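Enquirer: Got entry30.cif for you, mmCIF, C-alpha atoms:
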```cif
data_protein
loop_
_atom_site.label_atom_id
_atom_site.label_comp_id
_atom_site.auth_asym_id
_atom_site.auth_seq_id
_atom_site.Cartn_x
_atom_site.Cartn_y
_atom_site.Cartn_z
CA MET A 150 156.12 126.29 129.39
CA ARG A 151 156.61 122.53 129.82
CA ALA A 152 158.85 121.20 132.58
CA GLY A 153 159.84 117.79 133.92
CA SER A 154 159.25 117.29 137.63
CA ILE A 155 159.06 114.57 140.28
CA THR A 156 155.50 114.80 141.56
CA GLY A 157 155.54 111.89 144.04
CA PRO A 158 157.19 108.55 144.80
CA ARG A 159 157.91 106.86 141.47
CA GLN A 160 156.07 109.66 139.66
CA PHE A 161 157.74 111.83 137.05
CA GLU A 162 155.58 114.08 134.91
CA ILE A 163 155.85 116.71 132.22
CA ILE A 164 153.75 119.55 133.58
CA ASP A 165 152.75 123.02 132.42
CA VAL A 166 154.20 125.83 134.55
CA PRO A 167 154.41 129.62 134.13
CA GLU A 168 157.49 131.03 132.44
CA PRO A 169 159.79 132.64 135.03
CA ALA A 170 160.42 136.36 135.21
CA PRO A 171 163.44 137.85 136.98
CA SER A 172 163.08 139.31 140.45
CA ALA A 173 165.07 142.44 141.28
CA THR A 174 168.05 140.27 142.26
CA GLY A 175 167.27 137.41 139.90
CA ALA A 176 167.96 136.20 136.41
CA VAL A 177 166.27 134.02 133.82
CA VAL A 178 168.45 131.49 132.01
CA GLU A 179 167.64 129.67 128.78
CA ILE A 180 168.74 126.04 129.26
CA ALA A 181 170.96 124.44 126.61
CA LEU A 182 171.46 121.03 128.23
CA CYS A 183 170.67 119.55 131.62
CA GLY A 184 172.14 116.30 132.93
CA ILE A 185 170.18 113.66 134.83
CA CYS A 186 171.77 113.38 138.29
CA GLY A 187 171.83 110.28 140.45
CA SER A 188 170.03 112.29 143.13
CA ASP A 189 167.16 112.90 140.68
CA VAL A 190 166.80 109.13 140.33
CA HIS A 191 167.16 108.52 144.09
CA ALA A 192 164.46 111.13 144.78
CA TYR A 193 162.18 109.44 142.23
CA VAL A 194 162.72 105.95 143.67
CA GLU A 195 162.91 106.76 147.38
CA GLY A 196 160.20 109.44 147.46
CA TRP A 197 162.27 112.33 148.81
CA ASP A 198 160.70 115.69 149.59
CA TYR A 199 162.31 117.07 146.46
CA PRO A 200 161.67 120.72 145.55
CA SER A 201 160.88 121.29 141.89
CA ASN A 202 163.83 123.64 141.45
CA LEU A 203 166.22 120.82 142.42
CA CYS A 204 164.83 118.50 139.76
CA GLY A 205 167.38 119.01 137.01
CA HIS A 206 170.28 120.93 138.55
CA GLU A 207 173.18 119.96 136.23
CA TRP A 208 172.62 122.54 133.56
CA LEU A 209 174.29 125.06 131.28
CA GLY A 210 172.47 127.99 129.77
CA THR A 211 172.50 131.60 128.62
CA VAL A 212 171.21 134.55 130.63
CA VAL A 213 168.26 136.08 128.79
CA ALA A 214 166.94 138.52 131.43
CA ILE A 215 168.16 140.06 134.69
CA GLY A 216 166.67 142.14 137.49
CA ASN A 217 167.53 145.80 138.04
CA GLN A 218 169.77 145.05 141.05
CA VAL A 219 171.91 142.39 139.35
CA ASN A 220 175.54 143.29 138.69
CA ASN A 221 177.41 139.96 138.64
CA VAL A 222 176.05 138.68 135.31
CA ALA A 223 174.75 140.21 132.09
CA GLU A 224 172.38 139.12 129.38
CA GLY A 225 174.20 136.83 126.98
CA ASP A 226 176.53 135.33 129.61
CA VAL A 227 176.92 131.55 129.49
CA VAL A 228 176.37 130.27 133.02
CA MET A 229 175.75 127.33 135.32
CA GLY A 230 174.07 127.33 138.69
CA GLY A 231 175.23 126.43 142.20
CA ILE A 232 174.03 126.96 145.74
CA THR A 233 173.18 130.32 147.25
CA PRO A 234 176.17 132.10 148.83
CA GLY A 235 175.98 132.90 152.53
CA CYS A 236 173.83 135.76 153.78
CA GLY A 237 176.78 137.34 155.59
CA ALA A 238 174.83 137.97 158.78
CA CYS A 239 173.88 134.66 160.42
CA SER A 240 176.07 133.01 163.06
CA TYR A 241 177.68 130.65 160.57
CA CYS A 242 178.60 133.45 158.15
CA VAL A 243 179.96 135.66 160.93
CA ALA A 244 182.08 132.74 162.17
CA GLY A 245 183.59 132.31 158.70
CA HIS A 246 181.51 129.33 157.51
CA PRO A 247 179.24 130.82 154.82
CA GLN A 248 178.83 127.42 153.15
CA TYR A 249 176.69 126.43 156.15
CA CYS A 250 174.58 129.61 156.13
CA ARG A 251 171.30 129.00 157.96
CA PRO A 252 169.04 131.21 155.79
CA ALA A 253 170.48 129.64 152.63
CA ALA A 254 169.96 126.16 154.06
CA ARG A 255 166.31 126.96 154.68
CA ASP A 256 165.90 128.05 151.06
CA TYR A 257 165.48 124.64 149.45
CA ASN A 258 168.61 123.03 150.89
CA GLY A 259 170.87 125.85 149.78
CA MET A 260 169.45 126.24 146.29
CA GLY A 261 168.06 129.67 147.03
CA PRO A 262 164.76 131.54 147.02
CA ASP A 263 164.15 130.87 143.33
CA PRO A 264 161.18 132.36 141.50
CA SER A 265 161.22 129.50 138.99
CA PRO A 266 158.67 126.69 139.33
CA SER A 267 161.12 124.23 137.77
CA GLY A 268 164.69 123.14 137.62
CA GLY A 269 166.73 122.65 134.47
CA PHE A 270 164.34 120.15 132.89
CA ALA A 271 162.63 123.10 131.23
CA PRO A 272 163.41 125.68 128.54
CA LEU A 273 163.88 128.45 131.13
CA ILE A 274 164.86 128.66 134.78
CA GLY A 275 164.59 131.65 137.10
CA LEU A 276 166.93 131.98 140.06
CA ASP A 277 168.79 134.42 142.26
CA ALA A 278 171.70 135.79 140.25
CA THR A 279 174.15 135.15 143.11
CA ARG A 280 173.81 131.45 142.28
CA LEU A 281 175.28 131.88 138.81
CA ALA A 282 178.85 131.14 137.77
CA VAL A 283 179.94 132.63 134.44
CA MET A 284 181.66 130.03 132.28
CA PRO A 285 184.95 130.60 130.45
CA GLU A 286 185.04 131.29 126.74
CA GLY A 287 185.20 128.15 124.64
CA ILE A 288 183.32 125.82 126.94
CA THR A 289 180.96 123.48 125.08
CA ALA A 290 177.37 122.76 126.10
CA VAL A 291 178.27 119.22 127.19
CA GLN A 292 181.29 120.40 129.18
CA GLY A 293 179.26 123.14 130.83
CA ALA A 294 176.46 120.79 131.85
CA LEU A 295 179.10 118.61 133.52
CA VAL A 296 180.64 121.43 135.57
CA GLU A 297 178.09 120.82 138.35
CA PRO A 298 178.89 117.12 139.01
CA THR A 299 182.60 117.75 138.50
CA SER A 300 182.43 120.49 141.13
CA VAL A 301 180.82 118.00 143.53
CA ALA A 302 183.83 115.69 143.05
CA PHE A 303 186.30 118.59 143.32
CA HIS A 304 184.69 119.72 146.59
CA ALA A 305 184.81 116.16 147.98
CA VAL A 306 188.56 115.93 147.43
CA ARG A 307 189.03 119.29 149.13
CA GLN A 308 186.86 118.13 152.05
CA SER A 309 188.80 114.90 152.49
CA ARG A 310 192.09 114.42 154.31
CA GLN A 311 193.93 113.43 151.12
CA ARG A 312 197.59 114.43 150.96
CA PRO A 313 200.10 114.42 148.07
CA GLY A 314 201.35 110.90 147.41
CA ASP A 315 198.44 109.16 149.15
CA VAL A 316 197.03 105.83 148.02
CA VAL A 317 193.40 106.51 147.17
CA VAL A 318 190.51 104.12 146.56
CA VAL A 319 187.32 105.30 144.85
CA VAL A 320 184.40 102.93 145.42
CA GLY A 321 181.89 103.22 142.58
CA ALA A 322 182.63 104.42 139.06
CA GLY A 323 179.44 106.20 138.19
CA PRO A 324 179.75 109.82 137.06
CA ILE A 325 180.72 111.12 140.51
CA GLY A 326 183.18 108.29 141.07
CA GLN A 327 184.83 108.81 137.68
CA LEU A 328 185.18 112.52 138.38
CA THR A 329 186.36 112.01 141.97
CA ALA A 330 189.12 109.70 140.74
CA GLN A 331 190.28 112.38 138.30
CA CYS A 332 190.16 115.12 140.93
CA ALA A 333 192.06 112.93 143.41
CA LYS A 334 194.75 112.35 140.80
CA LEU A 335 194.89 116.05 140.01
CA ALA A 336 195.29 116.77 143.72
CA GLY A 337 198.46 114.68 143.85
CA ALA A 338 197.38 111.15 144.77
CA GLY A 339 200.28 108.76 144.32
CA LEU A 340 198.05 105.81 143.38
CA VAL A 341 194.36 105.86 142.41
CA ILE A 342 192.44 102.59 142.60
CA VAL A 343 188.84 102.41 141.34
CA VAL A 344 186.43 99.68 142.47
CA GLU A 345 183.48 98.99 140.17
CA PRO A 346 181.45 95.90 139.16
CA ASP A 347 180.53 97.10 135.64
CA PRO A 348 183.24 96.26 133.06
CA GLN A 349 182.47 99.24 130.80
CA ARG A 350 182.77 101.65 133.71
CA ARG A 351 186.01 100.00 134.78
CA ALA A 352 187.37 100.51 131.27
CA MET A 353 186.36 104.17 131.32
CA ALA A 354 188.07 104.68 134.68
CA THR A 355 191.27 103.38 133.12
CA ASP A 356 190.83 105.73 130.16
CA PHE A 357 190.38 108.61 132.59
CA GLY A 358 193.70 107.85 134.28
CA ALA A 359 192.99 105.48 137.18
CA ASP A 360 196.15 103.52 137.98
CA LEU A 361 194.37 100.28 138.88
CA VAL A 362 190.77 99.10 138.53
CA PHE A 363 189.33 96.19 140.52
CA GLU A 364 186.04 94.37 140.74
CA PRO A 365 184.43 94.24 144.18
CA GLY A 366 184.71 90.85 145.82
CA PRO A 367 186.26 88.81 148.63
CA ASP A 368 189.81 89.37 147.32
CA LEU A 369 189.55 93.15 147.14
CA ARG A 370 190.87 93.89 150.63
CA ARG A 371 193.81 91.55 150.09
CA GLN A 372 194.59 93.18 146.72
CA VAL A 373 194.68 96.66 148.22
CA ARG A 374 196.81 95.55 151.16
CA ALA A 375 199.24 93.81 148.83
CA LEU A 376 199.83 97.17 147.14
CA THR A 377 200.38 99.02 150.41
CA ASN A 378 202.78 96.87 152.43
CA GLY A 379 199.86 95.24 154.21
CA MET A 380 198.35 98.49 155.50
CA GLY A 381 195.52 99.61 153.22
CA ALA A 382 194.70 102.84 151.40
CA ASP A 383 195.20 106.24 152.98
CA VAL A 384 191.85 107.57 151.74
CA ALA A 385 188.68 105.97 150.38
CA TYR A 386 185.94 107.89 148.61
CA ASP A 387 182.56 106.17 148.78
CA ALA A 388 180.89 107.37 145.59
CA ALA A 389 178.51 104.44 145.08
CA GLY A 390 175.46 105.94 146.78
CA VAL A 391 174.33 102.61 148.27
CA PRO A 392 174.38 101.69 151.99
CA GLN A 393 176.37 98.48 151.55
CA THR A 394 179.54 100.17 150.31
CA LEU A 395 180.21 102.19 153.46
CA GLU A 396 181.60 99.24 155.39
CA ALA A 397 183.46 98.07 152.27
CA SER A 398 185.15 101.45 152.03
CA ILE A 399 186.14 101.29 155.68
CA ASP A 400 187.66 97.84 155.10
CA LEU A 401 189.97 99.23 152.44
CA VAL A 402 191.67 101.99 154.43
CA ARG A 403 194.58 101.63 156.84
CA ARG A 404 194.53 102.37 160.54
CA GLY A 405 194.45 106.12 160.90
CA GLY A 406 193.08 106.47 157.38
CA SER A 407 189.99 108.35 156.26
CA VAL A 408 186.78 107.74 154.35
CA CYS A 409 184.89 110.48 152.53
CA LEU A 410 181.20 109.93 151.78
CA VAL A 411 180.27 111.42 148.41
CA GLY A 412 177.45 109.22 147.09
CA VAL A 413 173.93 110.11 148.23
CA THR A 414 171.18 107.83 149.50
CA SER A 415 168.51 108.20 152.18
CA ALA A 416 168.49 104.47 152.96
CA PRO A 417 169.93 103.41 156.34
CA ALA A 418 173.37 101.80 156.48
CA GLU A 419 174.54 99.27 159.05
CA VAL A 420 177.94 100.11 160.51
CA ARG A 421 180.26 98.57 163.09
CA THR A 422 181.46 101.58 165.03
CA ASN A 423 183.89 99.50 167.11
CA ARG A 424 185.92 98.97 163.93
CA TRP A 425 185.89 102.70 163.24
CA LEU A 426 187.11 103.27 166.80
CA THR A 427 189.88 100.67 166.82
CA LYS A 428 191.18 101.85 163.43
CA GLU A 429 191.02 105.52 164.55
CA LEU A 430 189.35 106.43 161.29
CA THR A 431 188.34 109.88 160.16
CA ILE A 432 184.97 110.04 158.42
CA THR A 433 184.29 113.11 156.28
CA THR A 434 181.24 113.92 154.22
CA SER A 435 180.77 116.17 151.22
CA ILE A 436 177.77 117.75 149.56
CA VAL A 437 177.55 120.25 146.69
CA PHE A 438 180.22 122.97 146.22
CA THR A 439 180.85 126.71 146.15
CA ILE A 440 180.53 129.08 143.20
CA ALA A 441 184.28 129.74 143.41
CA GLU A 442 184.94 125.99 143.10
CA ALA A 443 182.65 125.73 140.07
CA THR A 444 184.53 128.56 138.35
CA ARG A 445 187.85 126.80 138.97
CA VAL A 446 186.48 123.49 137.73
CA ALA A 447 185.21 125.05 134.51
CA ARG A 448 188.69 126.41 133.80
CA LEU A 449 190.27 123.00 134.50
CA ILE A 450 187.85 121.42 132.02
CA VAL A 451 188.45 123.99 129.30
CA ASP A 452 192.22 123.70 129.82
CA GLY A 453 191.98 119.91 129.36
CA ARG A 454 193.16 119.03 132.87
CA LEU A 455 189.85 117.31 133.67
CA GLN A 456 188.25 115.06 131.04
CA VAL A 457 184.45 114.99 131.15
CA GLU A 458 182.90 114.73 127.71
CA ALA A 459 183.13 110.92 127.46
CA LEU A 460 180.68 110.70 130.37
CA HIS A 461 177.96 112.04 128.08
CA GLN A 462 176.35 108.98 126.50
CA GLY A 463 173.11 110.28 125.06
CA THR A 464 170.63 113.15 124.89
CA VAL A 465 166.84 112.90 125.22
CA SER A 466 163.92 115.29 124.82
CA LEU A 467 161.51 116.31 127.55
CA ASP A 468 158.97 113.83 126.22
CA GLU A 469 161.52 111.02 126.58
CA LEU A 470 162.59 112.08 130.08
CA PRO A 471 159.97 110.22 132.22
CA SER A 472 160.74 106.87 130.62
CA THR A 473 164.48 107.56 130.86
CA ILE A 474 164.21 108.21 134.61
CA GLU A 475 162.26 104.97 135.01
CA LYS A 476 164.88 103.03 133.04
CA TYR A 477 167.57 104.39 135.35
CA ALA A 478 165.46 103.38 138.36
CA THR A 479 165.06 99.80 137.12
CA ARG A 480 168.68 99.63 135.91
CA ASP A 481 167.54 99.02 132.35
CA LEU A 482 169.75 102.00 131.50
CA THR A 483 173.38 102.11 132.63
CA ALA A 484 174.68 105.07 130.60
CA LEU A 485 176.88 107.26 132.76
CA LYS A 486 175.32 110.58 131.84
CA ILE A 487 172.20 111.18 129.82
CA MET A 488 171.41 114.82 129.14
CA VAL A 489 168.12 116.51 128.38
CA ASP A 490 167.59 119.06 125.62
CA PRO A 491 164.48 120.80 126.97
CA THR A 492 163.83 122.63 123.71
CA GLY A 493 164.28 119.58 121.45
CA GLY A 494 161.42 117.72 119.84
#
```
Kindly transcribe the structure held in the file into structure tokens.
Expert:
Amino acid sequence: MRAGSITGPRQFEIIDVPEPAPSATGAVVEIALCGICGSDVHAYVEGWDYPSNLCGHEWLGTVVAIGNQVNNVAEGDVVMGGITPGCGACSYCVAGHPQYCRPAARDYNGMGPDPSPSGGFAPLIGLDATRLAVMPEGITAVQGALVEPTSVAFHAVRQSRQRPGDVVVVVGAGPIGQLTAQCAKLAGAGLVIVVEPDPQRRAMATDFGADLVFEPGPDLRRQVRALTNGMGADVAYDAAGVPQTLEASIDLVRRGGSVCLVGVTSAPAEVRTNRWLTKELTITTSIVFTIAEATRVARLIVDGRLQVEALHQGTVSLDELPSTIEKYATRDLTALKIMVDPTGG
């Protein structure tokens, strides 16, 4: 079968790979749609060591085959994929931290010992069945393909120190920023402020329920302080995925406030730790999510409590995927979420 894969720095190719077959504990899923993630683009531009089964991880599909030891899913189930659950035996699992399981972390950064030679940029993907979350009845293909990034945002809010009534700033209104703002609101934020340079993304943040939307600039800190009796926000989520926004996020929170890093980049960031110290800040970080969180997120989407479909701004075929990745890399494409139909012409 044909699959899209990052094969080197600034190299994205459509390659021929064997069709996956299920292992005893595995499943094969037919992909309906797969979203292009910002981390796919970062890996392409920055030359990450990026396993093929991570390339295209925002997918929805239908189980078409299972191994003889699988009992959590059945053929015909509509599913999405997350990280491998803990092994239950390592020191982290025994201590009650299965999300940091050492064996799972060794298996492709928590994505599991997959038999598939590809991610979701292919007609089929093979993976350990424990990675699958069954989706609720009525979920659409677009909604289902957005469960993965929404779960990332949901997990970030749970990782943060946000409390009901807090003033929250979300820096960056790409897909993760838009979803983080919604999840922060759903978690009881009293005021959600989104910071974004692009006017269309600012407008979408307003449509999604942000209370205030600002452009970045020299007046931003003053604007936030004016809304908070001169203090600053309680929590900032840095969802921009660029090194420069870390210090900007720190500027926007009050003394004793917290900053949660959600956006991903491997580029170094300059920080002034004396400012962190004197403000007594808490810095939290967030990556991926649990299968239980994905199941909850899917229900919130189907119930209409999280709005995601407007993020989808186009669908391309596998043949169009390499040029689409390059357009994202050069910023010739600014659509929030382009999806891939790996079976389309």
Enquirer: For this file, the PyMOL selection byres ((chain A and resi 487-493) around 7) selects which residues, as an NGL selection string?
Expert: :A and (181-185 or 270-272 or 461-467 or 484-486 or 494)
Enquirer: May I have the protein, DNA and RNA residues with any atom at most 10 Å from the point (161.6, 105.2, 147.0), counting all atoms listed in the file, written as a list in words?
Expert: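 The residues near that point, listed by chain and number, are Gly157, Pro158, Arg159, Val190, His191, Ala192, Tyr193, Val194, Glu195, Gly196, Trp197, Ser415, Ala416 and Ala478 of chain A.
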Enquirer: Mind pulling up the distance from atom CA of A:Pro417 to atom CA of A:Asp347?
Expert: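 So the two atoms, atom CA of A:Asp347 and atom CA of A:Pro417, lie 24.1 Å apart.
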Enquirer: The PyMOL selection byres ((chain A and resi 213) around 12) - which residues does that actually catch in the file I just gave you? List them as a short mmCIF file (atom, residue, chain, number, x, y, z; two decimals) with C-alpha atoms, in the frame of the given file.
Expert:
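This is the output file result.cif:
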```
data_model
loop_
_atom_site.label_atom_id
_atom_site.label_comp_id
_atom_site.auth_asym_id
_atom_site.auth_seq_id
_atom_site.Cartn_x
_atom_site.Cartn_y
_atom_site.Cartn_z
CA PRO A 169 159.79 132.64 135.03
CA ALA A 170 160.42 136.36 135.21
CA PRO A 171 163.44 137.85 136.98
CA GLY A 175 167.27 137.41 139.90
CA ALA A 176 167.96 136.20 136.41
CA VAL A 177 166.27 134.02 133.82
CA VAL A 178 168.45 131.49 132.01
CA GLU A 179 167.64 129.67 128.78
CA ILE A 180 168.74 126.04 129.26
CA GLY A 210 172.47 127.99 129.77
CA THR A 211 172.50 131.60 128.62
CA VAL A 212 171.21 134.55 130.63
CA ALA A 214 166.94 138.52 131.43
CA ILE A 215 168.16 140.06 134.69
CA GLY A 216 166.67 142.14 137.49
CA VAL A 222 176.05 138.68 135.31
CA ALA A 223 174.75 140.21 132.09
CA GLU A 224 172.38 139.12 129.38
CA GLY A 225 174.20 136.83 126.98
CA ASP A 226 176.53 135.33 129.61
CA VAL A 227 176.92 131.55 129.49
CA VAL A 228 176.37 130.27 133.02
CA PRO A 272 163.41 125.68 128.54
CA LEU A 273 163.88 128.45 131.13
CA ILE A 274 164.86 128.66 134.78
CA GLY A 275 164.59 131.65 137.10
CA ALA A 278 171.70 135.79 140.25
#
```
Enquirer: Near A:Val320, counting only C-alpha atoms, which residues have an atom at most 9 Å away, once you skip same-chain residues fewer than 6 positions from it, shown as a ChimeraX atom specification?
Expert: /A:326,342-345,365,385-389,394,397-398
Enquirer: I'd like the residues picked by the PyMOL selection byres ((chain A and resi 358) around 10) written out as a PyMOL selection string, using the chain letters and numbers from the file.
Expert: chain A and resi 327+330-331+334+341-342+353-357+359-361+456
